[in-house]
file upload02.cif (mmCIF, C-alpha atoms)
data_input
#
loop_
_atom_site.label_atom_id
_atom_site.label_comp_id
_atom_site.auth_asym_id
_atom_site.auth_seq_id
_atom_site.Cartn_x
_atom_site.Cartn_y
_atom_site.Cartn_z
CA MET E 1 -2.97 37.34 -9.31
CA TRP E 2 -2.78 33.65 -8.42
CA ARG E 3 -4.96 34.31 -5.42
CA THR E 4 -7.63 35.91 -7.60
CA LEU E 5 -7.45 33.05 -10.07
CA ALA E 6 -7.76 30.50 -7.26
CA ASP E 7 -10.76 32.40 -5.85
CA TRP E 8 -12.43 32.38 -9.25
CA LEU E 9 -11.76 28.68 -9.70
CA LEU E 10 -13.14 27.92 -6.26
CA ALA E 11 -16.22 30.02 -6.99
CA VAL E 12 -16.81 28.16 -10.28
CA LEU E 13 -16.41 24.79 -8.54
CA ASN E 14 -18.85 25.80 -5.81
CA MET E 15 -21.37 27.06 -8.36
CA THR E 16 -21.01 23.82 -10.34
CA ARG E 17 -21.63 21.76 -7.21
CA GLU E 18 -24.63 23.91 -6.25
CA LEU E 19 -25.97 23.65 -9.80
CA GLU E 20 -25.83 19.84 -9.66
CA GLU E 21 -27.51 19.85 -6.25
CA ASN E 22 -30.25 22.12 -7.58
CA ARG E 23 -30.75 19.92 -10.64
CA ALA E 24 -31.07 16.85 -8.40
CA THR E 25 -33.56 18.68 -6.21
CA ILE E 26 -35.56 19.72 -9.26
CA ARG E 27 -35.62 16.11 -10.52
CA ARG E 28 -36.92 14.92 -7.13
CA LEU E 29 -39.57 17.65 -7.10
CA GLU E 30 -40.65 16.77 -10.64
CA THR E 31 -40.99 13.13 -9.63
CA ARG E 32 -43.06 14.07 -6.59
CA LEU E 33 -45.20 16.35 -8.73
CA ARG E 34 -45.86 13.55 -11.24
CA ASP E 35 -46.77 11.22 -8.37
CA LEU E 36 -49.11 13.84 -6.95
CA GLU E 37 -50.74 14.42 -10.34
CA GLU E 38 -51.29 10.68 -10.72
CA ALA E 39 -52.80 10.46 -7.24
CA ILE E 40 -55.16 13.35 -8.05
CA LYS E 41 -56.22 11.66 -11.30
CA LEU E 42 -56.90 8.40 -9.46
CA LEU E 43 -58.89 10.22 -6.78
CA ALA E 44 -60.97 12.00 -9.41
CA GLN E 45 -61.61 8.70 -11.18
CA GLU E 46 -62.64 7.10 -7.88
CA GLN E 47 -65.03 9.97 -7.15
CA ARG E 48 -66.60 9.68 -10.62
CA HIS E 49 -67.05 5.95 -10.11
CA ALA E 50 -68.63 6.50 -6.67
CA ARG E 51 -71.05 9.06 -8.13
CA GLU E 52 -71.99 6.63 -10.90
CA LEU E 53 -72.62 3.86 -8.37
CA GLU E 54 -74.72 6.18 -6.20
CA ALA E 55 -76.76 7.30 -9.22
CA ALA E 56 -77.38 3.69 -10.23
CA GLU E 57 -78.41 2.82 -6.67
CA ARG E 58 -80.82 5.78 -6.52
CA GLU E 59 -82.31 4.76 -9.86
CA LYS E 60 -82.75 1.18 -8.66
CA LEU E 61 -84.46 2.34 -5.47
CA LEU E 62 -86.73 4.66 -7.46
CA LEU E 63 -87.75 1.78 -9.72
CA LEU E 64 -88.52 -0.38 -6.69
CA LEU E 65 -90.63 2.42 -5.25
CA GLU E 66 -92.48 2.91 -8.53
CA ARG E 67 -93.19 -0.82 -8.75
CA GLY E 68 -94.33 -1.01 -5.14
CA THR E 69 -96.66 2.01 -5.20
CA PRO E 70 -99.42 0.38 -7.31
CA LYS E 71 -99.37 -2.66 -5.02
CA LEU E 72 -100.00 -0.40 -2.03
CA LYS E 73 -103.00 1.16 -3.78
CA GLU E 74 -104.46 -2.32 -4.42
CA LEU E 75 -104.44 -3.28 -0.74
CA PRO E 76 -107.77 -3.12 1.05
CA PRO E 77 -108.15 -0.35 3.59
CA PRO E 78 -107.18 -1.32 7.13
CA ARG E 79 -110.01 -2.63 9.30
CA GLY E 80 -110.65 -1.06 12.65
CA ARG E 81 -110.63 -3.21 15.78
CA LYS E 82 -114.01 -4.17 17.09
CA GLY E 83 -114.87 -3.24 20.60
CA ALA E 84 -112.34 -0.46 20.84
#
call {"tool": "encode", "arguments": {"input": "upload02.cif", "output": "structure tokens"}}
result
Amino acid sequence: MWRTLADWLLAVLNMTRELEENRATIRRLETRLRDLEEAIKLLAQEQRHARELEAAEREKLLLLLERGTPKLKELPPPRGRKGA
């Protein structure tokens, strides 16, 4: 009888220890998950910002092209070399 009681007590103590270890592991995993979520959010924000910068740069280049096109049309035609 005492042996059975001691076995039960030992089993409860082992389960309690394992439970605490599992809880600690879960807390570490939750922390890592939060860190990963934050990193993903920052990466997404960085990608949005890069796309916005690229779009602004394309728009600026398009405006430069549109401004430069009429100037090209105003230039006289190229002259051929004499004696060639």
call {"tool": "axis_aligned_box", "arguments": {"input": "upload02.cif", "around": "segment 9-24 of chain E", "padding_each_side": "5 Å", "output": "JSON"}}
result
{"center_x": -21.4, "center_y": 23.4, "center_z": -8.2, "size_x": 29.3, "size_y": 23.2, "size_z": 14.8}
call {"tool": "atom_distance", "arguments": {"input": "upload02.cif", "atom1": "atom CA of Glu38 of chain E", "atom2": "atom CA of Ala24 of chain E"}}
result
21.3 Å
call {"tool": "atom_distance", "arguments": {"input": "upload02.cif", "atom1": "atom CA of Glu54 of chain E", "atom2": "atom CA of Leu36 of chain E"}}
result
26.7 Å
call {"tool": "decode", "arguments": {"input": "upload02.cif", "residues": "segment 36-66 of chain E", "atoms": "N, CA and C atoms", "output": "mmCIF file, in the first residue's frame"}}
result
data_model
loop_
_atom_site.group_PDB
_atom_site.id
_atom_site.type_symbol
_atom_site.label_atom_id
_atom_site.label_comp_id
_atom_site.auth_asym_id
_atom_site.auth_seq_id
_atom_site.Cartn_x
_atom_site.Cartn_y
_atom_site.Cartn_z
ATOM 1 N N LEU E 36 8.512 36.884 -34.356
ATOM 2 C CA LEU E 36 8.399 36.565 -35.771
ATOM 3 C C LEU E 36 7.283 37.371 -36.428
ATOM 4 N N GLU E 37 6.156 37.495 -35.748
ATOM 5 C CA GLU E 37 5.050 38.299 -36.279
ATOM 6 C C GLU E 37 5.476 39.751 -36.462
ATOM 7 N N GLU E 38 6.208 40.286 -35.499
ATOM 8 C CA GLU E 38 6.686 41.667 -35.593
ATOM 9 C C GLU E 38 7.655 41.821 -36.763
ATOM 10 N N ALA E 39 8.535 40.844 -36.944
ATOM 11 C CA ALA E 39 9.486 40.895 -38.054
ATOM 12 C C ALA E 39 8.756 40.851 -39.390
ATOM 13 N N ILE E 40 7.712 40.028 -39.478
ATOM 14 C CA ILE E 40 6.930 39.946 -40.719
ATOM 15 C C ILE E 40 6.225 41.265 -40.993
ATOM 16 N N LYS E 41 5.672 41.880 -39.956
ATOM 17 C CA LYS E 41 5.004 43.178 -40.126
ATOM 18 C C LYS E 41 5.998 44.237 -40.601
ATOM 19 N N LEU E 42 7.187 44.241 -40.015
ATOM 20 C CA LEU E 42 8.200 45.213 -40.428
ATOM 21 C C LEU E 42 8.638 44.971 -41.875
ATOM 22 N N LEU E 43 8.780 43.721 -42.250
ATOM 23 C CA LEU E 43 9.167 43.391 -43.618
ATOM 24 C C LEU E 43 8.084 43.834 -44.601
ATOM 25 N N ALA E 44 6.840 43.593 -44.270
ATOM 26 C CA ALA E 44 5.736 44.016 -45.129
ATOM 27 C C ALA E 44 5.707 45.535 -45.257
ATOM 28 N N GLN E 45 5.932 46.231 -44.161
ATOM 29 C CA GLN E 45 5.971 47.689 -44.190
ATOM 30 C C GLN E 45 7.128 48.170 -45.068
ATOM 31 N N GLU E 46 8.273 47.529 -44.950
ATOM 32 C CA GLU E 46 9.435 47.899 -45.759
ATOM 33 C C GLU E 46 9.160 47.664 -47.242
ATOM 34 N N GLN E 47 8.493 46.568 -47.571
ATOM 35 C CA GLN E 47 8.158 46.285 -48.963
ATOM 36 C C GLN E 47 7.169 47.310 -49.515
ATOM 37 N N ARG E 48 6.174 47.692 -48.712
ATOM 38 C CA ARG E 48 5.223 48.722 -49.149
ATOM 39 C C ARG E 48 5.947 50.028 -49.418
ATOM 40 N N HIS E 49 6.853 50.382 -48.524
ATOM 41 C CA HIS E 49 7.603 51.629 -48.675
ATOM 42 C C HIS E 49 8.465 51.577 -49.937
ATOM 43 N N ALA E 50 9.114 50.444 -50.189
ATOM 44 C CA ALA E 50 9.948 50.300 -51.385
ATOM 45 C C ALA E 50 9.091 50.419 -52.645
ATOM 46 N N ARG E 51 7.901 49.800 -52.640
ATOM 47 C CA ARG E 51 7.015 49.918 -53.805
ATOM 48 C C ARG E 51 6.587 51.363 -54.026
ATOM 49 N N GLU E 52 6.296 52.077 -52.933
ATOM 50 C CA GLU E 52 5.904 53.482 -53.058
ATOM 51 C C GLU E 52 7.047 54.317 -53.626
ATOM 52 N N LEU E 53 8.266 54.067 -53.153
ATOM 53 C CA LEU E 53 9.421 54.800 -53.682
ATOM 54 C C LEU E 53 9.642 54.494 -55.162
ATOM 55 N N GLU E 54 9.515 53.231 -55.537
ATOM 56 C CA GLU E 54 9.682 52.850 -56.940
ATOM 57 C C GLU E 54 8.617 53.498 -57.810
ATOM 58 N N ALA E 55 7.381 53.537 -57.331
ATOM 59 C CA ALA E 55 6.293 54.157 -58.096
ATOM 60 C C ALA E 55 6.559 55.650 -58.265
ATOM 61 N N ALA E 56 7.017 56.301 -57.218
ATOM 62 C CA ALA E 56 7.321 57.732 -57.305
ATOM 63 C C ALA E 56 8.472 57.973 -58.274
ATOM 64 N N GLU E 57 9.469 57.101 -58.254
ATOM 65 C CA GLU E 57 10.606 57.240 -59.171
ATOM 66 C C GLU E 57 10.164 57.034 -60.620
ATOM 67 N N ARG E 58 9.316 56.048 -60.866
ATOM 68 C CA ARG E 58 8.794 55.822 -62.225
ATOM 69 C C ARG E 58 7.989 57.033 -62.699
ATOM 70 N N GLU E 59 7.178 57.580 -61.806
ATOM 71 C CA GLU E 59 6.376 58.749 -62.168
ATOM 72 C C GLU E 59 7.270 59.938 -62.500
ATOM 73 N N LYS E 60 8.322 60.119 -61.708
ATOM 74 C CA LYS E 60 9.254 61.218 -61.961
ATOM 75 C C LYS E 60 9.949 61.044 -63.308
ATOM 76 N N LEU E 61 10.383 59.826 -63.606
ATOM 77 C CA LEU E 61 11.037 59.572 -64.884
ATOM 78 C C LEU E 61 10.075 59.770 -66.053
ATOM 79 N N LEU E 62 8.828 59.368 -65.871
ATOM 80 C CA LEU E 62 7.825 59.563 -66.920
ATOM 81 C C LEU E 62 7.592 61.051 -67.175
ATOM 82 N N LEU E 63 7.528 61.838 -66.115
ATOM 83 C CA LEU E 63 7.361 63.285 -66.286
ATOM 84 C C LEU E 63 8.557 63.892 -67.010
ATOM 85 N N LEU E 64 9.759 63.454 -66.671
ATOM 86 C CA LEU E 64 10.951 63.948 -67.373
ATOM 87 C C LEU E 64 10.893 63.588 -68.851
ATOM 88 N N LEU E 65 10.460 62.384 -69.149
ATOM 89 C CA LEU E 65 10.335 61.949 -70.535
ATOM 90 C C LEU E 65 9.283 62.774 -71.269
ATOM 91 N N GLU E 66 8.145 63.007 -70.622
ATOM 92 C CA GLU E 66 7.093 63.802 -71.255
ATOM 93 C C GLU E 66 7.543 65.229 -71.504
#
